[in-house]
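Undergrad: To be precise about what I am sending: the file is called upload.txt and holds compact mmCIF, N, CA and C atoms.
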```
# COMPACT_ATOMS: atom_id res chain seq x y z
N MET A 1 27.95 46.87 31.58
CA MET A 1 26.53 47.10 31.62
C MET A 1 25.86 46.46 30.42
N ASN A 2 24.60 46.16 30.62
CA ASN A 2 23.85 45.59 29.52
C ASN A 2 23.19 46.65 28.64
N HIS A 3 22.52 47.65 29.29
CA HIS A 3 21.69 48.56 28.51
C HIS A 3 21.74 49.99 29.05
N ILE A 4 22.07 50.94 28.16
CA ILE A 4 22.02 52.37 28.46
C ILE A 4 20.98 52.99 27.55
N VAL A 5 20.19 53.91 28.11
CA VAL A 5 19.13 54.59 27.34
C VAL A 5 19.40 56.09 27.32
N LEU A 6 19.27 56.69 26.14
CA LEU A 6 19.40 58.14 25.96
C LEU A 6 18.02 58.69 25.60
N VAL A 7 17.54 59.67 26.38
CA VAL A 7 16.26 60.31 26.10
C VAL A 7 16.53 61.79 25.85
N ASP A 8 16.48 62.19 24.59
CA ASP A 8 16.79 63.57 24.21
C ASP A 8 16.12 63.86 22.88
N ASP A 9 15.46 65.02 22.77
CA ASP A 9 14.79 65.36 21.52
C ASP A 9 15.74 65.89 20.46
N ASN A 10 17.00 66.14 20.81
CA ASN A 10 17.99 66.64 19.86
C ASN A 10 18.72 65.46 19.22
N GLU A 11 18.48 65.25 17.94
CA GLU A 11 19.06 64.10 17.24
C GLU A 11 20.59 64.14 17.22
N THR A 12 21.15 65.33 17.06
CA THR A 12 22.62 65.46 17.03
C THR A 12 23.23 65.05 18.37
N THR A 13 22.62 65.52 19.45
CA THR A 13 23.10 65.16 20.79
C THR A 13 23.04 63.65 20.99
N SER A 14 21.92 63.05 20.63
CA SER A 14 21.77 61.60 20.78
C SER A 14 22.80 60.85 19.94
N PHE A 15 23.02 61.33 18.72
CA PHE A 15 24.01 60.68 17.83
C PHE A 15 25.41 60.74 18.45
N LEU A 16 25.79 61.94 18.92
CA LEU A 16 27.14 62.09 19.51
C LEU A 16 27.30 61.28 20.79
N ASN A 17 26.26 61.26 21.63
CA ASN A 17 26.33 60.48 22.86
C ASN A 17 26.39 58.98 22.56
N ASN A 18 25.64 58.57 21.56
CA ASN A 18 25.65 57.17 21.14
C ASN A 18 27.06 56.77 20.66
N ARG A 19 27.68 57.64 19.88
CA ARG A 19 29.04 57.37 19.39
C ARG A 19 30.03 57.29 20.54
N LEU A 20 29.92 58.22 21.50
CA LEU A 20 30.82 58.21 22.65
C LEU A 20 30.67 56.91 23.44
N LEU A 21 29.44 56.53 23.72
CA LEU A 21 29.20 55.30 24.49
C LEU A 21 29.69 54.07 23.73
N GLY A 22 29.52 54.09 22.42
CA GLY A 22 30.02 52.99 21.59
C GLY A 22 31.54 52.90 21.64
N ARG A 23 32.19 54.06 21.55
CA ARG A 23 33.65 54.11 21.60
C ARG A 23 34.18 53.63 22.94
N LEU A 24 33.47 53.99 24.02
CA LEU A 24 33.89 53.58 25.36
C LEU A 24 33.54 52.13 25.65
N ALA A 25 32.67 51.54 24.84
CA ALA A 25 32.26 50.14 24.99
C ALA A 25 31.82 49.83 26.42
N VAL A 26 30.94 50.67 26.96
CA VAL A 26 30.49 50.50 28.34
C VAL A 26 29.18 49.72 28.45
N ALA A 27 28.50 49.47 27.32
CA ALA A 27 27.23 48.75 27.37
C ALA A 27 27.05 47.88 26.14
N GLU A 28 26.33 46.78 26.34
CA GLU A 28 26.00 45.89 25.22
C GLU A 28 25.05 46.58 24.25
N HIS A 29 24.08 47.32 24.80
CA HIS A 29 23.05 47.97 23.98
C HIS A 29 22.89 49.43 24.41
N VAL A 30 22.70 50.31 23.43
CA VAL A 30 22.35 51.70 23.70
C VAL A 30 21.08 51.99 22.90
N SER A 31 20.05 52.44 23.60
CA SER A 31 18.78 52.79 22.94
C SER A 31 18.60 54.30 23.02
N THR A 32 18.01 54.87 21.99
CA THR A 32 17.73 56.31 22.01
C THR A 32 16.25 56.55 21.78
N PHE A 33 15.74 57.54 22.49
CA PHE A 33 14.36 57.97 22.36
C PHE A 33 14.34 59.48 22.23
N SER A 34 13.47 60.00 21.36
CA SER A 34 13.35 61.45 21.23
C SER A 34 12.18 61.98 22.06
N ARG A 35 11.36 61.07 22.58
CA ARG A 35 10.21 61.47 23.40
C ARG A 35 10.25 60.72 24.73
N ALA A 36 10.10 61.47 25.81
CA ALA A 36 10.17 60.89 27.15
C ALA A 36 9.03 59.92 27.43
N ASP A 37 7.82 60.25 26.94
CA ASP A 37 6.69 59.35 27.20
C ASP A 37 6.88 58.00 26.52
N GLU A 38 7.40 58.00 25.30
CA GLU A 38 7.67 56.75 24.59
C GLU A 38 8.74 55.94 25.31
N ALA A 39 9.78 56.62 25.79
CA ALA A 39 10.85 55.94 26.51
C ALA A 39 10.30 55.27 27.76
N PHE A 40 9.52 56.01 28.54
CA PHE A 40 8.98 55.45 29.78
C PHE A 40 8.10 54.24 29.48
N GLU A 41 7.24 54.38 28.49
CA GLU A 41 6.34 53.28 28.12
C GLU A 41 7.12 52.03 27.72
N GLN A 42 8.17 52.22 26.92
CA GLN A 42 8.99 51.09 26.47
C GLN A 42 9.76 50.45 27.63
N LEU A 43 10.29 51.30 28.51
CA LEU A 43 11.15 50.80 29.58
C LEU A 43 10.39 50.20 30.75
N TRP A 44 9.31 50.85 31.16
CA TRP A 44 8.60 50.41 32.36
C TRP A 44 7.14 50.10 32.12
N GLY A 45 6.63 50.38 30.95
CA GLY A 45 5.26 50.01 30.61
C GLY A 45 4.21 50.84 31.31
N SER A 46 4.30 50.94 32.61
CA SER A 46 3.28 51.65 33.37
C SER A 46 3.87 52.11 34.70
N ALA A 47 3.07 52.78 35.48
CA ALA A 47 3.52 53.27 36.79
C ALA A 47 3.85 52.13 37.74
N GLU A 48 3.40 50.92 37.43
CA GLU A 48 3.71 49.77 38.29
C GLU A 48 5.05 49.14 37.89
N GLY A 49 5.60 49.58 36.78
CA GLY A 49 6.88 49.04 36.34
C GLY A 49 6.76 47.73 35.60
N GLY A 50 5.62 47.47 35.01
CA GLY A 50 5.41 46.21 34.31
C GLY A 50 5.77 46.30 32.84
N SER A 51 6.99 45.88 32.49
CA SER A 51 7.43 45.89 31.10
C SER A 51 8.05 44.54 30.78
N ALA A 52 7.97 44.17 29.50
CA ALA A 52 8.53 42.89 29.07
C ALA A 52 10.05 42.94 28.95
N VAL A 53 10.61 44.13 28.79
CA VAL A 53 12.06 44.24 28.61
C VAL A 53 12.75 44.41 29.97
N PRO A 54 13.98 43.88 30.10
CA PRO A 54 14.70 44.08 31.36
C PRO A 54 14.98 45.57 31.59
N ALA A 55 15.00 45.97 32.85
CA ALA A 55 15.25 47.37 33.19
C ALA A 55 16.64 47.78 32.70
N PRO A 56 16.77 49.01 32.19
CA PRO A 56 18.09 49.48 31.77
C PRO A 56 18.98 49.73 32.99
N ASP A 57 20.29 49.65 32.77
CA ASP A 57 21.24 49.91 33.85
C ASP A 57 21.37 51.40 34.12
N LEU A 58 21.26 52.20 33.05
CA LEU A 58 21.49 53.64 33.14
C LEU A 58 20.59 54.35 32.13
N VAL A 59 19.96 55.43 32.58
CA VAL A 59 19.14 56.26 31.69
C VAL A 59 19.62 57.70 31.80
N PHE A 60 19.94 58.31 30.66
CA PHE A 60 20.22 59.74 30.58
C PHE A 60 18.97 60.42 30.04
N VAL A 61 18.49 61.46 30.73
CA VAL A 61 17.30 62.16 30.26
C VAL A 61 17.56 63.66 30.24
N ASP A 62 17.16 64.30 29.15
CA ASP A 62 17.25 65.75 29.03
C ASP A 62 16.07 66.36 29.77
N LEU A 63 16.25 67.56 30.31
CA LEU A 63 15.15 68.21 31.04
C LEU A 63 14.15 68.89 30.14
N LYS A 64 14.65 69.63 29.15
CA LYS A 64 13.80 70.47 28.29
C LYS A 64 13.46 69.71 27.01
N MET A 65 12.25 69.16 26.96
CA MET A 65 11.79 68.45 25.78
C MET A 65 10.33 68.77 25.55
N PRO A 66 9.88 68.75 24.28
CA PRO A 66 8.46 68.95 24.02
C PRO A 66 7.65 67.75 24.52
N GLY A 67 6.38 67.97 24.80
CA GLY A 67 5.55 66.88 25.32
C GLY A 67 5.91 66.65 26.78
N VAL A 68 6.21 65.42 27.10
CA VAL A 68 6.62 65.07 28.47
C VAL A 68 8.05 65.54 28.68
N SER A 69 8.25 66.43 29.65
CA SER A 69 9.59 66.96 29.91
C SER A 69 10.40 65.97 30.74
N GLY A 70 11.68 66.26 30.88
CA GLY A 70 12.54 65.45 31.73
C GLY A 70 12.06 65.44 33.17
N PHE A 71 11.55 66.58 33.64
CA PHE A 71 11.02 66.64 35.00
C PHE A 71 9.82 65.71 35.17
N GLU A 72 8.94 65.70 34.17
CA GLU A 72 7.77 64.81 34.24
C GLU A 72 8.22 63.35 34.18
N PHE A 73 9.25 63.07 33.39
CA PHE A 73 9.82 61.72 33.30
C PHE A 73 10.35 61.30 34.67
N LEU A 74 11.04 62.22 35.36
CA LEU A 74 11.55 61.92 36.70
C LEU A 74 10.41 61.66 37.68
N GLU A 75 9.31 62.41 37.54
CA GLU A 75 8.14 62.17 38.39
C GLU A 75 7.59 60.76 38.19
N LEU A 76 7.46 60.37 36.93
CA LEU A 76 6.97 59.02 36.61
C LEU A 76 7.91 57.96 37.18
N TYR A 77 9.21 58.17 36.98
CA TYR A 77 10.21 57.22 37.49
C TYR A 77 10.16 57.14 39.01
N ASN A 78 10.02 58.29 39.67
CA ASN A 78 9.99 58.36 41.13
C ASN A 78 8.75 57.65 41.69
N ALA A 79 7.69 57.53 40.88
CA ALA A 79 6.47 56.86 41.32
C ALA A 79 6.56 55.34 41.19
N LEU A 80 7.58 54.85 40.50
CA LEU A 80 7.75 53.40 40.36
C LEU A 80 8.08 52.79 41.73
N PRO A 81 7.74 51.52 41.93
CA PRO A 81 8.11 50.87 43.19
C PRO A 81 9.63 50.90 43.39
N GLN A 82 10.06 51.00 44.63
CA GLN A 82 11.48 51.11 44.94
C GLN A 82 12.34 49.98 44.34
N PRO A 83 11.88 48.72 44.38
CA PRO A 83 12.71 47.66 43.78
C PRO A 83 12.92 47.86 42.27
N VAL A 84 11.94 48.47 41.60
CA VAL A 84 12.07 48.74 40.17
C VAL A 84 13.09 49.87 39.96
N GLN A 85 12.98 50.94 40.77
CA GLN A 85 13.92 52.05 40.68
C GLN A 85 15.35 51.60 40.95
N ALA A 86 15.51 50.68 41.88
CA ALA A 86 16.85 50.25 42.30
C ALA A 86 17.65 49.58 41.18
N LYS A 87 16.97 49.12 40.14
CA LYS A 87 17.65 48.44 39.03
C LYS A 87 18.29 49.41 38.04
N THR A 88 17.92 50.69 38.11
CA THR A 88 18.35 51.66 37.10
C THR A 88 18.94 52.91 37.74
N VAL A 89 20.09 53.34 37.23
CA VAL A 89 20.66 54.62 37.63
C VAL A 89 20.09 55.67 36.69
N MET A 90 19.51 56.72 37.27
CA MET A 90 18.91 57.80 36.47
C MET A 90 19.86 58.99 36.49
N ALA A 91 20.12 59.55 35.32
CA ALA A 91 21.00 60.71 35.23
C ALA A 91 20.38 61.76 34.32
N VAL A 92 20.27 62.97 34.82
CA VAL A 92 19.83 64.10 34.02
C VAL A 92 21.04 64.56 33.21
N LEU A 93 20.85 64.77 31.92
CA LEU A 93 21.92 65.28 31.05
C LEU A 93 21.33 66.48 30.33
N THR A 94 21.76 67.69 30.72
CA THR A 94 21.10 68.90 30.24
C THR A 94 22.09 70.03 30.01
N THR A 95 21.66 71.01 29.26
CA THR A 95 22.48 72.22 29.09
C THR A 95 22.22 73.19 30.24
N SER A 96 21.15 72.97 30.99
CA SER A 96 20.75 73.90 32.04
C SER A 96 21.65 73.83 33.27
N MET A 97 22.17 74.99 33.65
CA MET A 97 22.90 75.09 34.92
C MET A 97 22.14 76.06 35.82
N HIS A 98 20.87 76.26 35.51
CA HIS A 98 20.02 77.16 36.26
C HIS A 98 19.79 76.59 37.66
N GLY A 99 19.95 77.42 38.67
CA GLY A 99 19.80 77.00 40.05
C GLY A 99 18.47 76.34 40.36
N ALA A 100 17.39 76.85 39.76
CA ALA A 100 16.07 76.27 40.00
C ALA A 100 15.99 74.84 39.46
N ASP A 101 16.63 74.59 38.32
CA ASP A 101 16.62 73.23 37.75
C ASP A 101 17.44 72.27 38.60
N THR A 102 18.63 72.71 39.01
CA THR A 102 19.47 71.82 39.83
C THR A 102 18.79 71.54 41.17
N ALA A 103 18.15 72.54 41.75
CA ALA A 103 17.45 72.34 43.03
C ALA A 103 16.27 71.39 42.85
N ARG A 104 15.57 71.53 41.74
CA ARG A 104 14.40 70.66 41.48
C ARG A 104 14.83 69.21 41.29
N VAL A 105 15.93 69.00 40.58
CA VAL A 105 16.43 67.64 40.37
C VAL A 105 16.97 67.06 41.69
N ALA A 106 17.55 67.91 42.53
CA ALA A 106 18.12 67.46 43.81
C ALA A 106 17.06 66.86 44.73
N LYS A 107 15.78 67.16 44.48
CA LYS A 107 14.70 66.60 45.29
C LYS A 107 14.52 65.10 45.06
N TYR A 108 15.05 64.60 43.95
CA TYR A 108 14.93 63.18 43.64
C TYR A 108 16.17 62.45 44.16
N PRO A 109 15.96 61.50 45.06
CA PRO A 109 17.11 60.78 45.58
C PRO A 109 17.77 59.94 44.49
N ASN A 110 19.07 59.88 44.52
CA ASN A 110 19.84 59.02 43.61
C ASN A 110 19.78 59.39 42.14
N VAL A 111 19.39 60.62 41.81
CA VAL A 111 19.43 61.05 40.41
C VAL A 111 20.67 61.92 40.23
N GLU A 112 21.49 61.53 39.26
CA GLU A 112 22.72 62.27 38.96
C GLU A 112 22.38 63.47 38.08
N TYR A 113 23.19 64.52 38.18
CA TYR A 113 22.97 65.74 37.38
C TYR A 113 24.25 66.03 36.60
N LEU A 114 24.18 65.91 35.28
CA LEU A 114 25.34 66.16 34.42
C LEU A 114 24.96 67.24 33.40
N THR A 115 25.94 68.08 33.08
CA THR A 115 25.70 69.08 32.05
C THR A 115 26.28 68.60 30.72
N LYS A 116 25.59 68.98 29.64
CA LYS A 116 26.07 68.64 28.30
C LYS A 116 27.30 69.46 27.99
N PRO A 117 28.17 68.95 27.16
CA PRO A 117 28.09 67.66 26.49
C PRO A 117 28.57 66.52 27.40
N LEU A 118 28.09 65.32 27.10
CA LEU A 118 28.59 64.13 27.79
C LEU A 118 30.00 63.88 27.26
N THR A 119 30.94 63.73 28.17
CA THR A 119 32.32 63.49 27.78
C THR A 119 32.80 62.17 28.37
N GLU A 120 33.91 61.72 27.89
CA GLU A 120 34.50 60.49 28.42
C GLU A 120 34.77 60.66 29.91
N GLU A 121 35.31 61.81 30.30
CA GLU A 121 35.61 62.07 31.70
C GLU A 121 34.35 62.01 32.58
N LYS A 122 33.27 62.65 32.14
CA LYS A 122 32.01 62.64 32.90
C LYS A 122 31.45 61.22 33.01
N MET A 123 31.55 60.48 31.90
CA MET A 123 31.03 59.11 31.89
C MET A 123 31.83 58.23 32.84
N LEU A 124 33.14 58.35 32.80
CA LEU A 124 33.98 57.53 33.67
C LEU A 124 33.76 57.86 35.15
N LYS A 125 33.57 59.15 35.46
CA LYS A 125 33.26 59.55 36.84
C LYS A 125 31.95 58.95 37.30
N LEU A 126 30.95 58.98 36.43
CA LEU A 126 29.64 58.41 36.77
C LEU A 126 29.75 56.91 36.99
N LEU A 127 30.48 56.23 36.13
CA LEU A 127 30.67 54.78 36.27
C LEU A 127 31.36 54.46 37.59
N GLU A 128 32.39 55.24 37.91
CA GLU A 128 33.12 55.02 39.15
C GLU A 128 32.23 55.25 40.38
N LYS A 129 31.41 56.29 40.31
CA LYS A 129 30.55 56.64 41.45
C LYS A 129 29.41 55.64 41.65
N ARG A 130 28.76 55.21 40.55
CA ARG A 130 27.52 54.45 40.68
C ARG A 130 27.60 52.97 40.30
N PHE A 131 28.72 52.55 39.67
CA PHE A 131 28.77 51.17 39.19
C PHE A 131 29.98 50.38 39.68
N GLN A 132 30.66 50.88 40.70
CA GLN A 132 31.83 50.15 41.22
C GLN A 132 31.46 49.29 42.40
```
If you took the structure in this file and wrote it as C-alpha cells, what would it be?

TA:
Amino acid sequence: MNHIVLVDDNETTSFLNNRLLGRLAVAEHVSTFSRADEAFEQLWGSAEGGSAVPAPDLVFVDLKMPGVSGFEFLELYNALPQPVQAKTVMAVLTTSMHGADTARVAKYPNVEYLTKPLTEEKMLKLLEKRFQ
C-alpha cells in the first residue's frame, strides 16, 4: 500500500498504531490526524472529493472524538462520489463494542469494524479480506 491514515484524538493510540504499521511495513506512508474534520479536508478537500493528494488506501477512524465524530466522518465519506470512495478502504477502530454503535456502522457499506487495540493479527486479517 502507498498510504494509511489514522484518525484518533488519543495520541498514545496513534503512536502505538503508527509503530505497529511501521513494524509490519504495510505502507509507504502513514499519516495521523487528531481531528476528523482536518483529516477529511486534507484527504478529500470537499464533499466532491477534490483534493490535491492521492486518495489513501486505508483509513482507520475512531468513533468517539471531540468536534467531528467518527460517525460524522463516515457521513462525509459516504457522501463522496462512489468512484472516490472505491479508492479507499474505511475501517472504524474503536473501543466501543456497544450494539448501537456496531449497528450504526453496519449501515455503511464496505466499512470495516475493528475494536482497539489494533494488533498484527487484526491488521493481517483486514489486509487479507480487503487487499488480496

Undergrad: Report the distance between atom C of Leu16 (chain A) and CA of Ala79 (chain A) in Å, rounded to one decimal place.

TA: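 Result for atom C of Leu16 (chain A) versus CA of Ala79 (chain A): 29.6 Å, one decimal.
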
Undergrad: Just want the 7 Å neighbourhood of region 71-78 of chain A, counted on only C-alpha atoms, with same-chain residues fewer than 2 positions away dropped. Output as a ChimeraX atom specification.

TA: /A:36,47,63,68-69,80

Undergrad: Taking the DSSP assignment computed from this structure's backbone, write out as a list in words all residues of chain A that belong to strand (DSSP E).

TA: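 So, restricting chain A to strand (DSSP E), we get His3, Ile4, Val5, Leu6, Val7, His29, Val30, Ser31, Thr32, Phe33, Leu58, Val59, Phe60, Val61, Val89, Met90, Ala91, Val92, Leu93, Thr94, Val111, Glu112, Tyr113, Leu114 and Thr115 of chain A.
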
Undergrad: Measure the distance from atom C of Thr115 (chain A) to atom N of Ser96 (chain A) in Å and round it to one decimal.

TA: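 It comes out at 6.7 Å.
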
Undergrad: For Gly67 (chain A), please output as a list in words all residues within 12 Å (counting only C-alpha atoms; exclusion window: fewer than 6 positions along the same chain).

TA: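 The contact residues come out as Asp8, Asp9, Ser34, Arg35, Ala36, Asp37, Glu38 and Phe73 of chain A.
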
Undergrad: Please provide as a list in words all residues within 7 Å of Ser31 (chain A), with the sequence filter that same-chain residues fewer than 6 positions apart are discarded (counting only C-alpha atoms).

TA: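 Within the cut-off, the hits are Ile4, Val5 and Leu6 of chain A.
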
Undergrad: Go ahead and save the picked residues with N, CA and C atoms, as a PDB file, keeping the file's coordinate frame.

TA:
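Output file out_27.pdb follows:
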```pdb
ATOM      1  N   ILE A   4      22.070  50.940  28.160  1.00  0.00           N
ATOM      2  CA  ILE A   4      22.020  52.370  28.460  1.00  0.00           C
ATOM      3  C   ILE A   4      20.980  52.990  27.550  1.00  0.00           C
ATOM      4  N   VAL A   5      20.190  53.910  28.110  1.00  0.00           N
ATOM      5  CA  VAL A   5      19.130  54.590  27.340  1.00  0.00           C
ATOM      6  C   VAL A   5      19.400  56.090  27.320  1.00  0.00           C
ATOM      7  N   LEU A   6      19.270  56.690  26.140  1.00  0.00           N
ATOM      8  CA  LEU A   6      19.400  58.140  25.960  1.00  0.00           C
ATOM      9  C   LEU A   6      18.020  58.690  25.600  1.00  0.00           C
TER      10      LEU A   6
END
```

Undergrad: Find the residues around Val7 (chain A) up to 6 Å (only N, CA and C atoms counted), leave out those fewer than 4 positions away in its own chain, and share them as a list in words.

TA: Thr32, Phe33, Ser34, Phe60, Val61 and Asp62 of chain A

Undergrad: Determine the nearest neighbour of Leu20 (chain A) from the options A:Glu121, A:Asp57, A:Leu127, A:Thr88, counting only C-alpha atoms.

TA: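 Answer, going by the shortest atom-to-atom distance: A:Glu121.
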
Undergrad: When you count only C-alpha atoms, which of these residues is closest to Pro83 (chain A): A:Met65, A:Leu126, A:Ala55, A:Met97?

TA: A:Ala55

Undergrad: I want to know what sits within 8 Å of Asn17 (chain A), based on only N, CA and C atoms, with residues of the same chain fewer than 6 positions away left out; could you give that as a count of residues only?

TA: 6

Undergrad: Just the number, please: distance in Å from atom C of His98 (chain A) to atom N of Gly70 (chain A), one decimal.

TA: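 Computing it gives 14.8 Å between the two atoms.
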
Undergrad: Would you give me, as a ChimeraX atom specification, the residues in chain A that DSSP reads as helix (DSSP H, G or I)?

TA: /A:11-24,36-44,70-78,82-85,99-106,120-130

Undergrad: Using only the atoms of region 88-103 of chain A listed in the file, plus 3 Å on each side, state the axis-aligned box centre and edge lengths in Å rounded to one decimal, as AutoDock Vina command-line options.

TA:
```
--center_x 19.4 --center_y 64.1 --center_z 36.1 --size_x 12.9 --size_y 32.7 --size_z 19.9
```
